[in-house]
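*Asks:* Following this line is entry-v8.cif, made up of mmCIF, C-alpha atoms:
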data_query
loop_
_atom_site.label_atom_id
_atom_site.label_comp_id
_atom_site.auth_asym_id
_atom_site.auth_seq_id
_atom_site.Cartn_x
_atom_site.Cartn_y
_atom_site.Cartn_z
CA MET H 1 -3.45 -25.47 23.02
CA THR H 2 -2.68 -21.89 22.19
CA ASN H 3 -3.91 -18.56 23.52
CA LYS H 4 -2.96 -16.75 20.34
CA PRO H 5 -5.77 -14.83 18.65
CA ARG H 6 -7.16 -16.16 15.39
CA ILE H 7 -6.31 -13.88 12.48
CA GLY H 8 -8.33 -13.04 9.40
CA TYR H 9 -6.73 -11.33 6.40
CA ILE H 10 -8.67 -9.78 3.52
CA GLY H 11 -6.68 -8.72 0.45
CA VAL H 12 -3.67 -11.00 -0.01
CA GLY H 13 -2.28 -9.28 -3.09
CA LEU H 14 1.16 -7.83 -3.79
CA MET H 15 1.68 -6.62 -0.19
CA GLY H 16 -0.94 -8.63 1.65
CA HIS H 17 0.32 -12.05 0.57
CA GLY H 18 3.71 -11.58 2.20
CA ALA H 19 2.18 -10.11 5.35
CA ALA H 20 -0.32 -12.97 5.65
CA LYS H 21 2.31 -15.61 4.92
CA ASN H 22 4.51 -14.34 7.73
CA ILE H 23 1.59 -14.06 10.17
CA LEU H 24 0.99 -17.75 9.49
CA GLU H 25 4.54 -19.10 9.31
CA ARG H 26 6.69 -16.76 11.39
CA GLY H 27 4.01 -15.73 13.84
CA GLY H 28 2.38 -19.14 14.16
CA TYR H 29 -1.16 -17.72 14.12
CA ALA H 30 -4.20 -19.57 12.83
CA LEU H 31 -5.09 -17.71 9.62
CA THR H 32 -8.23 -17.36 7.53
CA VAL H 33 -7.93 -15.45 4.24
CA MET H 34 -10.18 -13.97 1.63
CA ALA H 35 -9.29 -13.11 -1.95
CA HIS H 36 -9.79 -9.60 -3.27
CA ARG H 37 -8.47 -9.69 -6.85
CA ASN H 38 -6.42 -12.79 -7.51
CA ARG H 39 -6.86 -16.46 -6.54
CA ALA H 40 -3.22 -17.51 -6.82
CA PRO H 41 -2.04 -15.95 -3.51
CA VAL H 42 -5.01 -17.47 -1.70
CA ASP H 43 -4.23 -20.92 -3.08
CA ASP H 44 -0.60 -20.52 -2.01
CA LEU H 45 -1.62 -19.60 1.55
CA ILE H 46 -4.08 -22.49 1.74
CA GLY H 47 -1.20 -24.76 0.73
CA ARG H 48 0.74 -23.37 3.69
CA GLY H 49 -2.06 -24.13 6.15
CA ALA H 50 -4.44 -21.17 5.97
CA ARG H 51 -8.18 -21.53 5.65
CA GLU H 52 -10.39 -19.60 3.24
CA ALA H 53 -13.62 -17.71 3.86
CA ALA H 54 -15.88 -16.39 1.12
CA THR H 55 -17.15 -13.15 2.68
CA PRO H 56 -15.97 -10.50 5.15
CA ALA H 57 -18.65 -11.67 7.58
CA ALA H 58 -17.28 -15.21 7.40
CA ILE H 59 -13.76 -13.86 8.04
CA ALA H 60 -15.07 -12.06 11.14
CA ALA H 61 -16.80 -15.20 12.38
CA ALA H 62 -13.56 -17.19 12.11
CA SER H 63 -11.27 -14.53 13.63
CA ASP H 64 -10.47 -12.47 16.70
CA ILE H 65 -8.43 -9.85 14.82
CA VAL H 66 -9.07 -8.98 11.17
CA PHE H 67 -6.58 -7.35 8.78
CA LEU H 68 -7.51 -5.46 5.64
CA CYS H 69 -5.11 -4.73 2.77
CA VAL H 70 -7.15 -3.44 -0.17
CA PRO H 71 -6.51 -0.78 -2.80
CA SER H 72 -8.35 2.24 -1.37
CA ALA H 73 -11.00 3.66 0.93
CA VAL H 74 -13.66 2.54 -1.57
CA GLU H 75 -12.80 -1.11 -0.99
CA VAL H 76 -12.40 -0.58 2.77
CA GLU H 77 -15.96 0.76 2.94
CA ALA H 78 -17.23 -2.14 0.82
CA MET H 79 -15.56 -4.71 3.11
CA VAL H 80 -16.89 -3.03 6.26
CA TYR H 81 -20.35 -1.79 5.25
CA GLY H 82 -21.27 -3.93 2.26
CA GLN H 83 -23.39 -7.06 2.03
CA ASP H 84 -22.02 -9.70 4.41
CA GLY H 85 -19.61 -7.02 5.63
CA LEU H 86 -17.39 -6.90 8.67
CA LEU H 87 -19.31 -4.36 10.72
CA ALA H 88 -22.43 -6.47 11.17
CA ALA H 89 -20.43 -9.58 11.99
CA MET H 90 -17.74 -8.33 14.37
CA ARG H 91 -18.13 -9.18 18.05
CA PRO H 92 -17.27 -7.02 21.08
CA GLY H 93 -13.54 -7.13 21.80
CA MET H 94 -12.49 -7.73 18.19
CA ILE H 95 -9.95 -5.48 16.47
CA LEU H 96 -9.79 -4.40 12.83
CA VAL H 97 -6.29 -3.58 11.56
CA ASP H 98 -6.28 -1.70 8.26
CA ASN H 99 -3.05 -2.08 6.27
CA THR H 100 -4.58 -0.08 3.40
CA THR H 101 -3.21 3.37 2.60
CA CYS H 102 -6.68 4.73 3.21
CA ASP H 103 -8.34 8.12 3.53
CA PRO H 104 -7.97 9.07 7.24
CA THR H 105 -11.53 10.42 7.23
CA THR H 106 -12.81 6.97 6.29
CA THR H 107 -10.53 5.37 8.88
CA ARG H 108 -11.92 7.49 11.70
CA ARG H 109 -15.53 6.95 10.60
CA VAL H 110 -15.07 3.17 10.49
CA GLY H 111 -13.36 3.32 13.89
CA GLU H 112 -16.28 5.24 15.40
CA ASP H 113 -18.78 2.72 14.03
CA LEU H 114 -16.74 -0.21 15.33
CA ALA H 115 -16.46 1.41 18.76
CA LYS H 116 -20.26 1.46 18.99
CA LYS H 117 -20.10 -2.33 18.79
CA GLY H 118 -17.37 -2.62 21.42
CA CYS H 119 -14.65 -3.22 18.83
CA ALA H 120 -11.38 -1.36 18.22
CA MET H 121 -9.49 -0.31 15.11
CA VAL H 122 -5.83 0.30 14.32
CA ASP H 123 -4.67 1.92 11.08
CA ALA H 124 -1.36 0.39 10.07
CA ALA H 125 -0.41 1.52 6.56
CA LEU H 126 2.48 -0.45 5.06
CA GLY H 127 5.76 0.83 3.66
CA ARG H 128 8.36 -0.66 1.28
CA THR H 129 7.67 -3.20 -1.46
CA PRO H 130 6.32 -6.73 -2.06
CA LYS H 131 9.90 -8.04 -1.84
CA GLU H 132 10.14 -6.86 1.77
CA ALA H 133 6.61 -8.13 2.43
CA GLU H 134 7.65 -11.67 1.48
CA ALA H 135 10.80 -11.38 3.61
CA GLY H 136 8.90 -10.06 6.64
CA ARG H 137 10.71 -6.70 6.54
CA LEU H 138 7.94 -4.22 5.88
CA SER H 139 7.55 -0.98 7.79
CA THR H 140 4.23 0.09 9.25
CA TYR H 141 2.93 3.39 10.60
CA ILE H 142 0.16 2.96 13.13
CA GLY H 143 -2.56 4.89 14.85
CA GLY H 144 -4.98 3.82 17.55
CA THR H 145 -5.39 3.50 21.28
CA PRO H 146 -2.37 2.29 23.25
CA GLU H 147 -4.34 -0.79 24.33
CA ALA H 148 -5.31 -1.83 20.79
CA ILE H 149 -1.78 -1.18 19.51
CA ALA H 150 -0.28 -3.31 22.28
CA THR H 151 -2.62 -6.17 21.38
CA VAL H 152 -1.78 -6.19 17.67
CA ARG H 153 1.94 -5.34 17.91
CA PRO H 154 3.12 -8.99 18.19
CA ILE H 155 1.22 -9.80 15.00
CA LEU H 156 2.67 -6.78 13.19
CA GLU H 157 6.14 -7.85 14.30
CA SER H 158 5.75 -11.12 12.38
CA PHE H 159 5.92 -9.26 9.04
CA THR H 160 7.66 -5.95 9.81
CA ASP H 161 11.02 -4.78 11.09
CA THR H 162 9.96 -1.16 11.66
CA ILE H 163 6.89 -0.02 13.58
CA VAL H 164 6.26 3.70 14.05
CA VAL H 165 3.47 4.67 16.43
CA CYS H 166 2.12 7.93 15.02
CA GLY H 167 -0.73 8.79 17.38
CA ALA H 168 -4.50 8.37 17.55
CA LEU H 169 -6.56 6.49 14.96
CA GLY H 170 -5.90 7.89 11.48
CA ALA H 171 -2.46 9.27 12.34
CA GLY H 172 -0.59 6.35 10.78
CA THR H 173 -2.35 6.72 7.44
CA THR H 174 -1.90 10.49 7.55
CA CYS H 175 1.87 10.11 7.99
CA LYS H 176 1.97 7.50 5.22
CA LEU H 177 0.12 9.77 2.80
CA VAL H 178 2.52 12.63 3.50
CA ASN H 179 5.42 10.23 2.88
CA ASN H 180 3.84 8.97 -0.34
CA SER H 181 3.17 12.48 -1.63
CA ILE H 182 6.92 13.05 -1.39
CA THR H 183 8.14 9.73 -2.78
CA ILE H 184 5.54 9.41 -5.56
CA GLY H 185 6.16 13.06 -6.41
CA MET H 186 9.88 12.29 -6.64
CA CYS H 187 9.15 9.51 -9.13
CA ALA H 188 7.20 11.96 -11.29
CA VAL H 189 10.04 14.51 -11.21
CA ILE H 190 12.64 11.83 -12.02
CA ALA H 191 10.49 10.52 -14.87
CA GLU H 192 9.97 13.99 -16.33
CA GLY H 193 13.69 14.72 -16.24
CA LEU H 194 14.54 11.45 -17.95
CA ALA H 195 11.88 12.05 -20.60
CA THR H 196 13.54 15.41 -21.29
CA ALA H 197 16.95 13.74 -21.50
CA ALA H 198 15.57 11.20 -23.98
CA LYS H 199 14.02 13.97 -26.10
CA LEU H 200 17.38 15.77 -26.17
CA GLY H 201 19.18 12.62 -27.26
CA VAL H 202 21.22 12.26 -24.07
CA ASP H 203 23.00 8.96 -23.43
CA LEU H 204 20.70 7.60 -20.73
CA THR H 205 23.37 5.31 -19.28
CA ALA H 206 25.48 8.38 -18.68
CA GLN H 207 22.46 10.25 -17.32
CA ALA H 208 21.80 7.41 -14.88
CA GLN H 209 25.40 7.62 -13.67
CA VAL H 210 25.03 11.38 -13.17
CA LEU H 211 21.88 10.92 -11.09
CA SER H 212 23.52 8.23 -8.99
CA ALA H 213 26.54 10.43 -8.35
CA GLY H 214 24.63 13.59 -7.48
CA GLY H 215 21.98 14.95 -5.19
CA ALA H 216 19.16 13.13 -6.99
CA ASP H 217 20.46 9.80 -5.71
CA GLY H 218 18.22 8.04 -3.20
CA ARG H 219 16.01 5.04 -2.63
CA MET H 220 13.33 5.98 -5.16
CA TRP H 221 15.86 6.62 -7.93
CA GLN H 222 17.69 3.40 -7.18
CA MET H 223 14.44 1.44 -7.53
CA MET H 224 13.66 3.16 -10.84
CA LYS H 225 17.20 3.01 -12.24
CA PRO H 226 17.19 -0.69 -13.33
CA TRP H 227 14.37 0.09 -15.78
CA ILE H 228 16.51 2.76 -17.43
CA THR H 229 19.68 0.69 -17.54
CA ASP H 230 18.35 -2.86 -18.01
CA GLY H 231 14.59 -2.74 -18.66
CA ASP H 232 13.90 -4.23 -15.21
CA ASP H 233 10.83 -2.79 -13.49
CA SER H 234 10.72 -5.35 -10.67
CA HIS H 235 12.48 -3.25 -8.03
CA LEU H 236 9.38 -1.13 -7.39
CA LYS H 237 6.30 -3.29 -7.92
CA GLY H 238 3.87 -0.46 -7.26
CA PRO H 239 1.16 -0.18 -9.92
CA LEU H 240 0.73 3.32 -11.29
CA ARG H 241 -2.99 3.15 -10.43
CA ILE H 242 -2.08 2.87 -6.74
CA ALA H 243 0.38 5.76 -6.98
CA ALA H 244 -2.36 7.84 -8.60
CA LYS H 245 -4.81 6.88 -5.86
CA ASP H 246 -2.37 7.90 -3.13
CA MET H 247 -1.72 11.27 -4.74
CA ARG H 248 -5.46 11.95 -5.06
CA THR H 249 -6.05 10.95 -1.44
CA TYR H 250 -3.19 13.11 -0.19
CA ASN H 251 -4.43 16.11 -2.14
CA ARG H 252 -7.97 15.71 -0.78
CA MET H 253 -6.57 15.50 2.74
CA ALA H 254 -4.41 18.58 2.24
CA GLU H 255 -7.26 20.51 0.62
CA ALA H 256 -9.53 19.72 3.58
CA ALA H 257 -6.83 21.16 5.86
CA GLY H 258 -6.59 24.33 3.75
CA VAL H 259 -3.05 23.62 2.53
CA ALA H 260 -1.89 24.88 -0.89
CA THR H 261 -0.31 21.94 -2.73
CA PHE H 262 0.99 23.22 -6.05
CA ILE H 263 3.67 20.57 -6.56
CA SER H 264 1.63 17.54 -5.55
CA GLN H 265 -1.27 18.74 -7.70
CA ALA H 266 1.08 18.86 -10.69
CA ALA H 267 2.26 15.32 -9.92
CA ASN H 268 -1.37 14.29 -9.53
CA GLN H 269 -2.06 15.45 -13.10
CA THR H 270 0.92 13.45 -14.37
CA TYR H 271 -0.51 10.25 -12.88
CA ARG H 272 -4.01 11.14 -14.10
CA MET H 273 -2.67 11.38 -17.66
CA VAL H 274 -0.91 8.03 -17.31
CA LEU H 275 -4.15 6.36 -16.19
CA ASN H 276 -6.06 7.97 -19.05
CA GLN H 277 -3.55 6.41 -21.45
CA GLY H 278 -4.26 2.94 -20.04
CA HIS H 279 -1.04 2.38 -18.09
CA GLY H 280 -2.56 1.87 -14.64
CA GLU H 281 -1.29 -1.70 -14.17
CA ARG H 282 2.31 -0.91 -15.14
CA PHE H 283 4.84 -0.55 -12.33
CA MET H 284 6.17 2.86 -11.34
CA PRO H 285 9.70 2.53 -12.85
CA VAL H 286 8.10 2.51 -16.32
CA LEU H 287 6.85 6.09 -15.86
CA PRO H 288 9.87 7.71 -17.60
CA SER H 289 9.16 5.71 -20.75
CA ILE H 290 5.49 6.71 -20.71
CA LEU H 291 6.35 10.40 -20.39
CA ALA H 292 9.05 10.12 -23.06
CA ALA H 293 6.57 8.52 -25.48
CA ALA H 294 4.03 11.27 -24.75
CA ASN H 295 6.68 13.77 -25.83
CA GLY H 296 7.74 12.02 -29.03
CA ALA H 297 10.83 10.34 -27.58
CA LYS H 298 11.73 6.82 -26.57
CA ILE H 299 13.47 5.25 -23.59
CA ARG H 300 12.19 1.68 -23.86
CA ASP H 301 9.35 -0.06 -25.70
CA LEU H 302 6.07 -0.10 -23.83
CA ASP H 303 4.78 -3.26 -25.52
#
Could the structure of this file be written out as structure tokens, please?
*Replies:*
Amino acid sequence: MTNKPRIGYIGVGLMGHGAAKNILERGGYALTVMAHRNRAPVDDLIGRGAREAATPAAIAAASDIVFLCVPSAVEVEAMVYGQDGLLAAMRPGMILVDNTTCDPTTTRRVGEDLAKKGCAMVDAALGRTPKEAEAGRLSTYIGGTPEAIATVRPILESFTDTIVVCGALGAGTTCKLVNNSITIGMCAVIAEGLATAAKLGVDLTAQAQVLSAGGADGRMWQMMKPWITDGDDSHLKGPLRIAAKDMRTYNRMAEAAGVATFISQAANQTYRMVLNQGHGERFMPVLPSILAAANGAKIRDLD
């Protein structure tokens, strides 16, 4: 017999698969999962002992605590409010934990609607990469009531090594969006500089050494660097469509607060152009090559 809550997880993709796997294997929780885009991660988790449900309502029926990890606020709203959605099926005392980097306005609205049903919500946006997700070493930035956070913390600890409590509901996602505006903006600046270097005929191996030796060195550069030196984009498996979504969401949040965001708006346009060119599924380290090609230069083939 176990007193552990039953866990449901919707969205077991690049980040969600590792989180769900560790909830099941490291945490020892009974797990029910639902696919969002791709069957392969679901099949893997079923092979490890998870069960599958076909709808959000079925996930709620099989669970005490439900996790979401979907691309954006659009999908969060669909999972909560859509046909066979979570809201209608959740029971008093249940908790929804949203691992999505969502719009905080959506987070608070969902939380208010859940509270009317006697349920709680915690926003717990995830940091780092799918590699850390599989290893159980993600970071998470959380918002919610102290009681709800205390209840879900042991589950979060099964797939994270860093938990930052940011404040009330929505605060975790707000902090994550500010972080992402900086890091995704850094990727755009790095990519633009490397595109310029390529256009000028600079030896990019030498340029990479200069960046690593100077003030531009840091985690984001080090995850992009293997693409420049070796054609390896696997160190930052963040699709450009997700980076673009985070920049748009940050800029909407900042605009609503009356903040002038000249730099992030410029980065936002860079990612918009990349999406318009059909590169949304490519990983972020490829961005320098895309910008170089747009300027008549070449770093690596994009085929």
*Asks:* Mind giving me the straight-line distance from atom CA of H:His17 to atom CA of H:Ile163 in Å, one decimal?
*Replies:*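 According to the coordinates, atom CA of H:His17 and atom CA of H:Ile163 are separated by 18.9 Å.
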*Asks:* Can you tell me how far atom CA of H:Arg137 sits from atom CA of H:Ile228, in Å to one decimal?
*Replies:*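 For atom CA of H:Arg137 relative to atom CA of H:Ile228, the distance reads 26.4 Å.
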*Asks:* Would you tabulate, counting all atoms listed in the file, all residues of stretch 16-98 of chain H that have an atom at most 12 Å from an atom of stretch 165-169 of chain H, showing the closest pair of atoms and their distance in Å to one decimal, sorted by chain then ascending number, as JSON lines?
*Replies:*
{"residue": "H:Leu96", "atom": "CA", "partner": "H:Leu169", "partner_atom": "CA", "distance": 11.6}
{"residue": "H:Val97", "atom": "CA", "partner": "H:Leu169", "partner_atom": "CA", "distance": 10.6}
{"residue": "H:Asp98", "atom": "CA", "partner": "H:Leu169", "partner_atom": "CA", "distance": 10.6}
*Asks:* Name the residues that the PyMOL selection byres ((chain H and resi 244-257) around 8) picks from the file above, as a list in words, using the file's chain letters and numbers.
*Replies:*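 Here the PyMOL selection byres ((chain H and resi 244-257) around 8) matches Ser72, Thr101, Cys102, Asp103, Pro104, Leu177, Val178, Asn180, Ser181, Ile184, Leu240, Arg241, Ile242, Ala243, Gly258, Val259, Ala260, Thr261, Ser264, Gln265, Ala267, Asn268, Tyr271, Arg272 and Leu275 of chain H.
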*Asks:* Go through the shown structure with the PyMOL selection byres ((chain H and resi 231) around 10) and write out the matching residues as a list of chain:residue names.
*Replies:* H:Met224, H:Lys225, H:Pro226, H:Trp227, H:Ile228, H:Thr229, H:Asp230, H:Asp232, H:Asp233, H:Ser234, H:Pro285, H:Val286, H:Ile299, H:Arg300, H:Asp301
*Asks:* Give me the result of the PyMOL selection byres ((chain H and resi 126) around 8) on this file, residue by residue, as a ChimeraX atom specification.
*Replies:* /H:99-101,124-125,127-128,138-141,176
*Asks:* Write out as a list in words the residues lying within 10 Å of H:Trp221, counting only C-alpha atoms and excluding same-chain residues fewer than 5 positions away.
*Replies:*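 The neighbour list is Thr183, Met186, Cys187, Ile190, Ala191, Ala208, Leu211, Ser212, Ala216, Pro226 and Pro285 of chain H.
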*Asks:* Which residues are close to H:Arg39, i.e. within 12 Å by only C-alpha atoms, leaving aside same-chain residues fewer than 2 positions away? Reply as a PyMOL selection string.
*Replies:* chain H and resi 11-13+17+33-37+41-46+52+54
